$ cat my_file22.pdb   # PDB, N, CA and C atoms
ATOM      1  N   MET J   1      34.322  45.792 -38.492
ATOM      2  CA  MET J   1      35.293  45.003 -37.771
ATOM      3  C   MET J   1      34.872  43.536 -37.716
ATOM      4  N   HIS J   2      33.556  43.302 -37.608
ATOM      5  CA  HIS J   2      33.074  41.923 -37.543
ATOM      6  C   HIS J   2      33.441  41.160 -38.820
ATOM      7  N   SER J   3      33.320  41.808 -39.968
ATOM      8  CA  SER J   3      33.658  41.160 -41.239
ATOM      9  C   SER J   3      35.136  40.820 -41.299
ATOM     10  N   LEU J   4      35.976  41.742 -40.868
ATOM     11  CA  LEU J   4      37.423  41.491 -40.863
ATOM     12  C   LEU J   4      37.735  40.297 -39.969
ATOM     13  N   ARG J   5      37.142  40.253 -38.813
ATOM     14  CA  ARG J   5      37.402  39.138 -37.891
ATOM     15  C   ARG J   5      36.979  37.810 -38.513
ATOM     16  N   ARG J   6      35.828  37.805 -39.184
ATOM     17  CA  ARG J   6      35.370  36.578 -39.834
ATOM     18  C   ARG J   6      36.328  36.143 -40.933
ATOM     19  N   ILE J   7      36.773  37.085 -41.729
ATOM     20  CA  ILE J   7      37.706  36.784 -42.818
ATOM     21  C   ILE J   7      39.010  36.240 -42.251
ATOM     22  N   LYS J   8      39.502  36.868 -41.198
ATOM     23  CA  LYS J   8      40.759  36.402 -40.602
ATOM     24  C   LYS J   8      40.595  35.035 -39.936
ATOM     25  N   LEU J   9      39.432  34.785 -39.339
ATOM     26  CA  LEU J   9      39.175  33.480 -38.738
ATOM     27  C   LEU J   9      39.155  32.401 -39.819
ATOM     28  N   GLN J  10      38.460  32.673 -40.911
ATOM     29  CA  GLN J  10      38.406  31.699 -42.006
ATOM     30  C   GLN J  10      39.801  31.461 -42.577
ATOM     31  N   ALA J  11      40.580  32.517 -42.751
ATOM     32  CA  ALA J  11      41.939  32.373 -43.270
ATOM     33  C   ALA J  11      42.818  31.581 -42.293
ATOM     34  N   LEU J  12      42.612  31.792 -41.009
ATOM     35  CA  LEU J  12      43.359  31.047 -39.992
ATOM     36  C   LEU J  12      43.028  29.554 -40.070
ATOM     37  N   ILE J  13      41.755  29.239 -40.208
ATOM     38  CA  ILE J  13      41.343  27.840 -40.314
ATOM     39  C   ILE J  13      41.941  27.215 -41.576
ATOM     40  N   GLU J  14      41.878  27.938 -42.682
ATOM     41  CA  GLU J  14      42.414  27.419 -43.944
ATOM     42  C   GLU J  14      43.933  27.290 -43.909
ATOM     43  N   GLY J  15      44.610  28.266 -43.326
ATOM     44  CA  GLY J  15      46.071  28.268 -43.320
ATOM     45  C   GLY J  15      46.682  27.385 -42.246
ATOM     46  N   ARG J  16      46.456  27.736 -41.026
ATOM     47  CA  ARG J  16      47.087  27.034 -39.902
ATOM     48  C   ARG J  16      46.547  25.621 -39.691
ATOM     49  N   PHE J  17      45.267  25.424 -40.014
ATOM     50  CA  PHE J  17      44.638  24.128 -39.767
ATOM     51  C   PHE J  17      44.289  23.390 -41.061
ATOM     52  N   ASN J  18      44.816  23.881 -42.190
ATOM     53  CA  ASN J  18      44.590  23.255 -43.500
ATOM     54  C   ASN J  18      43.113  22.989 -43.784
ATOM     55  N   GLY J  19      42.266  23.899 -43.342
ATOM     56  CA  GLY J  19      40.839  23.777 -43.582
ATOM     57  C   GLY J  19      40.132  22.750 -42.715
ATOM     58  N   ASP J  20      40.859  22.153 -41.780
ATOM     59  CA  ASP J  20      40.297  21.109 -40.917
ATOM     60  C   ASP J  20      39.609  21.768 -39.715
ATOM     61  N   ARG J  21      38.300  21.900 -39.805
ATOM     62  CA  ARG J  21      37.551  22.556 -38.727
ATOM     63  C   ARG J  21      37.618  21.757 -37.433
ATOM     64  N   GLY J  22      37.672  20.443 -37.538
ATOM     65  CA  GLY J  22      37.789  19.608 -36.345
ATOM     66  C   GLY J  22      39.065  19.905 -35.577
ATOM     67  N   ALA J  23      40.174  20.043 -36.302
ATOM     68  CA  ALA J  23      41.449  20.374 -35.658
ATOM     69  C   ALA J  23      41.373  21.759 -35.028
ATOM     70  N   PHE J  24      40.727  22.698 -35.739
ATOM     71  CA  PHE J  24      40.559  24.037 -35.185
ATOM     72  C   PHE J  24      39.729  23.990 -33.909
ATOM     73  N   LEU J  25      38.616  23.251 -33.944
ATOM     74  CA  LEU J  25      37.744  23.167 -32.770
ATOM     75  C   LEU J  25      38.487  22.571 -31.579
ATOM     76  N   GLU J  26      39.287  21.569 -31.825
ATOM     77  CA  GLU J  26      40.058  20.949 -30.745
ATOM     78  C   GLU J  26      41.067  21.938 -30.149
ATOM     79  N   ALA J  27      41.770  22.654 -31.016
ATOM     80  CA  ALA J  27      42.788  23.600 -30.546
ATOM     81  C   ALA J  27      42.173  24.802 -29.833
ATOM     82  N   SER J  28      41.015  25.242 -30.303
ATOM     83  CA  SER J  28      40.396  26.458 -29.765
ATOM     84  C   SER J  28      39.476  26.186 -28.584
ATOM     85  N   GLY J  29      38.991  24.969 -28.474
ATOM     86  CA  GLY J  29      38.028  24.650 -27.426
ATOM     87  C   GLY J  29      36.621  25.134 -27.732
ATOM     88  N   LEU J  30      36.393  25.615 -28.952
ATOM     89  CA  LEU J  30      35.056  26.080 -29.335
ATOM     90  C   LEU J  30      34.182  24.891 -29.719
ATOM     91  N   SER J  31      32.886  25.083 -29.590
ATOM     92  CA  SER J  31      31.942  24.088 -30.086
ATOM     93  C   SER J  31      31.690  24.372 -31.568
ATOM     94  N   LYS J  32      31.162  23.380 -32.251
ATOM     95  CA  LYS J  32      30.826  23.533 -33.665
ATOM     96  C   LYS J  32      29.801  24.660 -33.842
ATOM     97  N   GLY J  33      28.845  24.725 -32.918
ATOM     98  CA  GLY J  33      27.824  25.773 -32.987
ATOM     99  C   GLY J  33      28.399  27.164 -32.810
ATOM    100  N   ARG J  34      29.342  27.292 -31.876
ATOM    101  CA  ARG J  34      29.950  28.615 -31.640
ATOM    102  C   ARG J  34      30.770  29.052 -32.848
ATOM    103  N   LEU J  35      31.496  28.121 -33.453
ATOM    104  CA  LEU J  35      32.249  28.468 -34.657
ATOM    105  C   LEU J  35      31.297  28.923 -35.755
ATOM    106  N   SER J  36      30.192  28.235 -35.918
ATOM    107  CA  SER J  36      29.200  28.636 -36.921
ATOM    108  C   SER J  36      28.695  30.049 -36.659
ATOM    109  N   GLN J  37      28.470  30.378 -35.392
ATOM    110  CA  GLN J  37      28.036  31.738 -35.041
ATOM    111  C   GLN J  37      29.090  32.762 -35.438
ATOM    112  N   LEU J  38      30.343  32.486 -35.118
ATOM    113  CA  LEU J  38      31.410  33.445 -35.414
ATOM    114  C   LEU J  38      31.589  33.651 -36.915
ATOM    115  N   LEU J  39      31.325  32.623 -37.704
ATOM    116  CA  LEU J  39      31.480  32.732 -39.157
ATOM    117  C   LEU J  39      30.224  33.266 -39.850
ATOM    118  N   ASN J  40      29.116  33.359 -39.134
ATOM    119  CA  ASN J  40      27.848  33.806 -39.699
ATOM    120  C   ASN J  40      27.818  35.334 -39.787
ATOM    121  N   PRO J  41      27.672  35.886 -41.006
ATOM    122  CA  PRO J  41      27.654  37.347 -41.150
ATOM    123  C   PRO J  41      26.493  38.034 -40.431
ATOM    124  N   GLU J  42      25.472  37.265 -40.060
ATOM    125  CA  GLU J  42      24.328  37.837 -39.352
ATOM    126  C   GLU J  42      24.571  37.929 -37.844
ATOM    127  N   GLU J  43      25.618  37.298 -37.361
ATOM    128  CA  GLU J  43      25.925  37.274 -35.930
ATOM    129  C   GLU J  43      27.133  38.161 -35.637
ATOM    130  N   PRO J  44      27.194  38.763 -34.454
ATOM    131  CA  PRO J  44      28.358  39.576 -34.100
ATOM    132  C   PRO J  44      29.572  38.714 -33.781
ATOM    133  N   PHE J  45      30.734  39.256 -34.051
ATOM    134  CA  PHE J  45      32.010  38.642 -33.661
ATOM    135  C   PHE J  45      32.673  39.725 -32.818
ATOM    136  N   GLY J  46      32.307  39.750 -31.542
ATOM    137  CA  GLY J  46      32.676  40.842 -30.656
ATOM    138  C   GLY J  46      34.095  40.809 -30.129
ATOM    139  N   ASP J  47      34.425  41.869 -29.389
ATOM    140  CA  ASP J  47      35.767  42.023 -28.823
ATOM    141  C   ASP J  47      36.122  40.882 -27.880
ATOM    142  N   THR J  48      35.204  40.509 -27.012
ATOM    143  CA  THR J  48      35.489  39.459 -26.037
ATOM    144  C   THR J  48      35.776  38.140 -26.740
ATOM    145  N   ALA J  49      34.973  37.800 -27.728
ATOM    146  CA  ALA J  49      35.196  36.561 -28.480
ATOM    147  C   ALA J  49      36.544  36.588 -29.188
ATOM    148  N   ALA J  50      36.874  37.722 -29.793
ATOM    149  CA  ALA J  50      38.153  37.836 -30.507
ATOM    150  C   ALA J  50      39.331  37.682 -29.543
ATOM    151  N   ARG J  51      39.273  38.387 -28.409
ATOM    152  CA  ARG J  51      40.388  38.312 -27.452
ATOM    153  C   ARG J  51      40.527  36.906 -26.862
ATOM    154  N   ASN J  52      39.387  36.271 -26.519
ATOM    155  CA  ASN J  52      39.437  34.917 -25.967
ATOM    156  C   ASN J  52      40.026  33.931 -26.960
ATOM    157  N   LEU J  53      39.644  34.050 -28.211
ATOM    158  CA  LEU J  53      40.152  33.149 -29.236
ATOM    159  C   LEU J  53      41.645  33.370 -29.483
ATOM    160  N   GLU J  54      42.061  34.631 -29.476
ATOM    161  CA  GLU J  54      43.495  34.926 -29.609
ATOM    162  C   GLU J  54      44.283  34.273 -28.485
ATOM    163  N   ASP J  55      43.749  34.353 -27.283
ATOM    164  CA  ASP J  55      44.423  33.771 -26.126
ATOM    165  C   ASP J  55      44.475  32.245 -26.232
ATOM    166  N   ARG J  56      43.365  31.627 -26.546
ATOM    167  CA  ARG J  56      43.296  30.166 -26.635
ATOM    168  C   ARG J  56      44.231  29.596 -27.699
ATOM    169  N   LEU J  57      44.401  30.347 -28.798
ATOM    170  CA  LEU J  57      45.221  29.871 -29.912
ATOM    171  C   LEU J  57      46.635  30.449 -29.888
ATOM    172  N   HIS J  58      46.956  31.182 -28.824
ATOM    173  CA  HIS J  58      48.293  31.773 -28.651
ATOM    174  C   HIS J  58      48.660  32.683 -29.830
ATOM    175  N   LEU J  59      47.683  33.495 -30.233
ATOM    176  CA  LEU J  59      47.898  34.470 -31.300
ATOM    177  C   LEU J  59      48.311  35.798 -30.681
ATOM    178  N   ASP J  60      48.935  36.640 -31.481
ATOM    179  CA  ASP J  60      49.289  37.974 -31.000
ATOM    180  C   ASP J  60      48.028  38.716 -30.592
ATOM    181  N   PRO J  61      48.087  39.483 -29.493
ATOM    182  CA  PRO J  61      46.926  40.298 -29.108
ATOM    183  C   PRO J  61      46.523  41.220 -30.265
ATOM    184  N   GLY J  62      45.244  41.276 -30.544
ATOM    185  CA  GLY J  62      44.756  42.118 -31.639
ATOM    186  C   GLY J  62      44.830  41.450 -33.005
ATOM    187  N   PHE J  63      45.192  40.174 -33.047
ATOM    188  CA  PHE J  63      45.335  39.459 -34.323
ATOM    189  C   PHE J  63      44.108  39.643 -35.219
ATOM    190  N   PHE J  64      42.929  39.474 -34.651
ATOM    191  CA  PHE J  64      41.714  39.521 -35.465
ATOM    192  C   PHE J  64      41.343  40.939 -35.911
ATOM    193  N   ASP J  65      41.981  41.942 -35.351
ATOM    194  CA  ASP J  65      41.672  43.327 -35.710
ATOM    195  C   ASP J  65      42.775  44.006 -36.520
ATOM    196  N   ALA J  66      43.931  43.374 -36.598
ATOM    197  CA  ALA J  66      45.078  44.006 -37.260
ATOM    198  C   ALA J  66      44.872  44.054 -38.775
ATOM    199  N   MET J  67      45.196  45.211 -39.339
ATOM    200  CA  MET J  67      45.110  45.389 -40.789
ATOM    201  C   MET J  67      46.362  46.107 -41.269
ATOM    202  N   ASP J  68      46.895  45.654 -42.394
ATOM    203  CA  ASP J  68      47.962  46.422 -43.018
ATOM    204  C   ASP J  68      47.305  47.550 -43.822
ATOM    205  N   ALA J  69      48.088  48.434 -44.376
ATOM    206  CA  ALA J  69      47.544  49.603 -45.077
ATOM    207  C   ALA J  69      46.664  49.196 -46.253
ATOM    208  N   ARG J  70      47.056  48.171 -46.976
ATOM    209  CA  ARG J  70      46.282  47.724 -48.133
ATOM    210  C   ARG J  70      44.918  47.174 -47.683
ATOM    211  N   THR J  71      44.927  46.385 -46.615
ATOM    212  CA  THR J  71      43.684  45.825 -46.101
ATOM    213  C   THR J  71      42.763  46.927 -45.598
ATOM    214  N   LEU J  72      43.335  47.899 -44.915
ATOM    215  CA  LEU J  72      42.542  49.017 -44.406
ATOM    216  C   LEU J  72      41.889  49.787 -45.553
ATOM    217  N   ALA J  73      42.645  50.072 -46.601
ATOM    218  CA  ALA J  73      42.091  50.798 -47.745
ATOM    219  C   ALA J  73      40.959  49.997 -48.385
ATOM    220  N   PHE J  74      41.164  48.691 -48.524
ATOM    221  CA  PHE J  74      40.107  47.847 -49.094
ATOM    222  C   PHE J  74      38.864  47.874 -48.209
ATOM    223  N   ALA J  75      39.067  47.734 -46.898
ATOM    224  CA  ALA J  75      37.939  47.697 -45.962
ATOM    225  C   ALA J  75      37.138  49.000 -46.015
ATOM    226  N   LEU J  76      37.829  50.121 -46.067
ATOM    227  CA  LEU J  76      37.136  51.409 -46.115
ATOM    228  C   LEU J  76      36.326  51.549 -47.403
ATOM    229  N   ASN J  77      36.905  51.129 -48.519
ATOM    230  CA  ASN J  77      36.177  51.186 -49.786
ATOM    231  C   ASN J  77      35.026  50.191 -49.811
ATOM    232  N   PHE J  78      35.252  49.020 -49.251
ATOM    233  CA  PHE J  78      34.206  47.995 -49.198
ATOM    234  C   PHE J  78      32.997  48.505 -48.420
ATOM    235  N   ASP J  79      33.238  49.174 -47.303
ATOM    236  CA  ASP J  79      32.145  49.682 -46.474
ATOM    237  C   ASP J  79      31.280  50.704 -47.202
ATOM    238  N   ARG J  80      31.822  51.347 -48.221
ATOM    239  CA  ARG J  80      31.063  52.356 -48.984
ATOM    240  C   ARG J  80      30.172  51.742 -50.064
ATOM    241  N   LEU J  81      30.371  50.458 -50.355
ATOM    242  CA  LEU J  81      29.599  49.803 -51.412
ATOM    243  C   LEU J  81      28.144  49.590 -50.985
ATOM    244  N   PRO J  82      27.231  49.583 -51.967
ATOM    245  CA  PRO J  82      25.850  49.207 -51.656
ATOM    246  C   PRO J  82      25.821  47.736 -51.208
ATOM    247  N   GLU J  83      24.820  47.381 -50.421
ATOM    248  CA  GLU J  83      24.738  46.033 -49.846
ATOM    249  C   GLU J  83      24.789  44.928 -50.898
ATOM    250  N   HIS J  84      24.119  45.112 -52.025
ATOM    251  CA  HIS J  84      24.109  44.043 -53.037
ATOM    252  C   HIS J  84      25.505  43.816 -53.617
ATOM    253  N   GLN J  85      26.301  44.876 -53.739
ATOM    254  CA  GLN J  85      27.669  44.713 -54.232
ATOM    255  C   GLN J  85      28.564  44.073 -53.176
ATOM    256  N   LYS J  86      28.344  44.396 -51.917
ATOM    257  CA  LYS J  86      29.097  43.735 -50.847
ATOM    258  C   LYS J  86      28.849  42.234 -50.889
ATOM    259  N   GLN J  87      27.588  41.847 -51.070
ATOM    260  CA  GLN J  87      27.244  40.426 -51.114
ATOM    261  C   GLN J  87      27.916  39.739 -52.302
ATOM    262  N   GLN J  88      27.967  40.411 -53.439
ATOM    263  CA  GLN J  88      28.625  39.833 -54.608
ATOM    264  C   GLN J  88      30.112  39.603 -54.334
ATOM    265  N   TRP J  89      30.774  40.566 -53.720
ATOM    266  CA  TRP J  89      32.193  40.411 -53.386
ATOM    267  C   TRP J  89      32.402  39.296 -52.373
ATOM    268  N   GLU J  90      31.528  39.215 -51.377
ATOM    269  CA  GLU J  90      31.649  38.153 -50.375
ATOM    270  C   GLU J  90      31.475  36.777 -51.013
ATOM    271  N   ASN J  91      30.580  36.676 -51.980
ATOM    272  CA  ASN J  91      30.404  35.413 -52.696
ATOM    273  C   ASN J  91      31.664  35.044 -53.480
ATOM    274  N   ILE J  92      32.273  36.010 -54.127
ATOM    275  CA  ILE J  92      33.504  35.766 -54.879
ATOM    276  C   ILE J  92      34.615  35.301 -53.942
ATOM    277  N   VAL J  93      34.772  35.983 -52.825
ATOM    278  CA  VAL J  93      35.809  35.616 -51.863
ATOM    279  C   VAL J  93      35.576  34.212 -51.332
ATOM    280  N   GLU J  94      34.330  33.879 -51.071
ATOM    281  CA  GLU J  94      34.007  32.530 -50.565
ATOM    282  C   GLU J  94      34.409  31.464 -51.582
ATOM    283  N   VAL J  95      34.117  31.701 -52.856
ATOM    284  CA  VAL J  95      34.484  30.746 -53.900
ATOM    285  C   VAL J  95      36.006  30.629 -53.989
ATOM    286  N   LEU J  96      36.694  31.753 -53.946
ATOM    287  CA  LEU J  96      38.159  31.737 -54.058
ATOM    288  C   LEU J  96      38.829  31.092 -52.849
ATOM    289  N   ALA J  97      38.192  31.147 -51.695
ATOM    290  CA  ALA J  97      38.785  30.599 -50.482
ATOM    291  C   ALA J  97      38.670  29.080 -50.400
ATOM    292  N   LYS J  98      37.792  28.498 -51.203
ATOM    293  CA  LYS J  98      37.620  27.043 -51.184
ATOM    294  C   LYS J  98      38.808  26.380 -51.868
ATOM    295  N   PRO J  99      39.288  25.278 -51.297
ATOM    296  CA  PRO J  99      40.391  24.562 -51.940
ATOM    297  C   PRO J  99      39.957  24.006 -53.301
ATOM    298  N   ALA J 100      40.894  23.950 -54.215
ATOM    299  CA  ALA J 100      40.612  23.392 -55.527
ATOM    300  C   ALA J 100      40.311  21.898 -55.394
ATOM    301  N   PRO J 101      39.421  21.382 -56.225
ATOM    302  CA  PRO J 101      39.138  19.943 -56.165
ATOM    303  C   PRO J 101      40.412  19.118 -56.354
ATOM    304  N   GLY J 102      40.524  18.088 -55.554
ATOM    305  CA  GLY J 102      41.687  17.217 -55.658
ATOM    306  C   GLY J 102      42.916  17.684 -54.904
ATOM    307  N   THR J 103      42.779  18.797 -54.135
ATOM    308  CA  THR J 103      43.948  19.271 -53.365
ATOM    309  C   THR J 103      43.786  18.946 -51.906
TER     310      THR J 103
END

$ encode --input "my_file22.pdb" --output "structure tokens"
Amino acid sequence: MHSLRRIKLQALIEGRFNGDRGAFLEASGLSKGRLSQLLNPEEPFGDTAARNLEDRLHLDPGFFDAMDARTLAFALNFDRLPEHQKQQWENIVEVLAKPAPGT
């Protein structure tokens, strides 16, 4: 669940805030350090943090936990992968999530 929340948070920053972390921080009231913690795969992204962030940003309750059927199937298969393969996929997703140069 922590990985899903991180992915959805990153997608929210990229989509709603056009990748502008400063705008996200202003809207959410989070500090730069707290955002770094939430995006860090080594740190938990717990229920309380998810619910508080949903409230602050006026998101639907459960936004960070909601999955469609396709996402759920991917998540279940992803969890079965060995750790080194998970890391490879996370690296690919990170590269794909970055805006293209000049955009």

$ select_by_dssp --input "my_file22.pdb" --residues "chain J" --states "helix (DSSP H, G or I)" --output "VMD selection string"
chain J and resid 2 to 16 21 to 28 32 to 39 47 to 56 69 to 79 83 to 97

$ atom_distance --input "my_file22.pdb" --atom1 "atom CA of J:Glu14" --atom2 "atom CA of J:Val95"
13.2 Å

$ closest_residue --input "my_file22.pdb" --among "J:Lys8, J:Arg80, J:His2, J:Arg16" --to "J:Phe63" --atoms "only N, CA and C atoms"
J:Lys8

$ axis_aligned_box --input "my_file22.pdb" --around "stretch 86-98 of chain J" --padding-each-side "3 Å" --output "AutoDock Vina command-line options"
--center_x 33.0 --center_y 35.4 --center_z -52.6 --size_x 17.6 --size_y 24.0 --size_z 10.5

$ closest_residue --input "my_file22.pdb" --among "J:Leu81, J:Leu12, J:Met1, J:Ala23" --to "J:Leu59" --atoms "only C-alpha atoms"
J:Leu12

$ resolve_selection --input "my_file22.pdb" --expression "the PyMOL selection byres (((chain J and resi 25-39 and name CA) around 12) and name CA)" --output "PyMOL selection string"
chain J and resi 2-13+16-17+19-24+40-50+52-59+64+94

$ atom_distance --input "my_file22.pdb" --atom1 "atom CA of J:Met67" --atom2 "atom CA of J:Ala100"
26.9 Å

$ atom_distance --input "my_file22.pdb" --atom1 "atom CA of J:Glu83" --atom2 "atom CA of J:Arg51"
28.4 Å

$ decode --input "my_file22.pdb" --residues "stretch 62-82 of chain J" --atoms "N, CA and C atoms" --output "compact mmCIF listing (two decimals), in the first residue's frame"
# COMPACT_ATOMS: atom_id res chain seq x y z
N GLY J 62 -9.92 8.15 0.61
CA GLY J 62 -9.37 6.91 0.07
C GLY J 62 -8.63 7.09 -1.25
N PHE J 63 -8.45 8.33 -1.69
CA PHE J 63 -7.78 8.61 -2.97
C PHE J 63 -6.46 7.85 -3.10
N PHE J 64 -5.64 7.91 -2.06
CA PHE J 64 -4.31 7.31 -2.15
C PHE J 64 -4.34 5.78 -2.10
N ASP J 65 -5.46 5.19 -1.76
CA ASP J 65 -5.56 3.74 -1.68
C ASP J 65 -6.40 3.12 -2.79
N ALA J 66 -7.11 3.95 -3.54
CA ALA J 66 -8.03 3.43 -4.56
C ALA J 66 -7.25 2.85 -5.74
N MET J 67 -7.72 1.68 -6.18
CA MET J 67 -7.12 1.03 -7.34
C MET J 67 -8.23 0.52 -8.25
N ASP J 68 -8.05 0.69 -9.55
CA ASP J 68 -8.97 0.04 -10.47
C ASP J 68 -8.50 -1.41 -10.64
N ALA J 69 -9.25 -2.21 -11.34
CA ALA J 69 -8.94 -3.63 -11.47
C ALA J 69 -7.57 -3.86 -12.11
N ARG J 70 -7.23 -3.06 -13.10
CA ARG J 70 -5.95 -3.21 -13.78
C ARG J 70 -4.79 -2.89 -12.82
N THR J 71 -4.94 -1.82 -12.05
CA THR J 71 -3.91 -1.44 -11.10
C THR J 71 -3.75 -2.51 -10.02
N LEU J 72 -4.86 -3.04 -9.55
CA LEU J 72 -4.81 -4.08 -8.53
C LEU J 72 -4.08 -5.32 -9.06
N ALA J 73 -4.39 -5.74 -10.27
CA ALA J 73 -3.72 -6.91 -10.85
C ALA J 73 -2.22 -6.65 -10.98
N PHE J 74 -1.86 -5.46 -11.42
CA PHE J 74 -0.43 -5.12 -11.53
C PHE J 74 0.23 -5.16 -10.16
N ALA J 75 -0.42 -4.56 -9.17
CA ALA J 75 0.15 -4.49 -7.82
C ALA J 75 0.37 -5.89 -7.25
N LEU J 76 -0.60 -6.77 -7.44
CA LEU J 76 -0.47 -8.13 -6.91
C LEU J 76 0.68 -8.87 -7.59
N ASN J 77 0.81 -8.71 -8.90
CA ASN J 77 1.92 -9.35 -9.61
C ASN J 77 3.25 -8.72 -9.24
N PHE J 78 3.26 -7.42 -9.07
CA PHE J 78 4.49 -6.71 -8.69
C PHE J 78 5.00 -7.22 -7.34
N ASP J 79 4.09 -7.41 -6.39
CA ASP J 79 4.48 -7.87 -5.06
C ASP J 79 5.13 -9.25 -5.08
N ARG J 80 4.86 -10.03 -6.10
CA ARG J 80 5.44 -11.39 -6.20
C ARG J 80 6.85 -11.39 -6.79
N LEU J 81 7.27 -10.26 -7.36
CA LEU J 81 8.59 -10.19 -7.99
C LEU J 81 9.71 -10.21 -6.95
N PRO J 82 10.87 -10.74 -7.34
CA PRO J 82 12.04 -10.63 -6.46
C PRO J 82 12.42 -9.15 -6.32
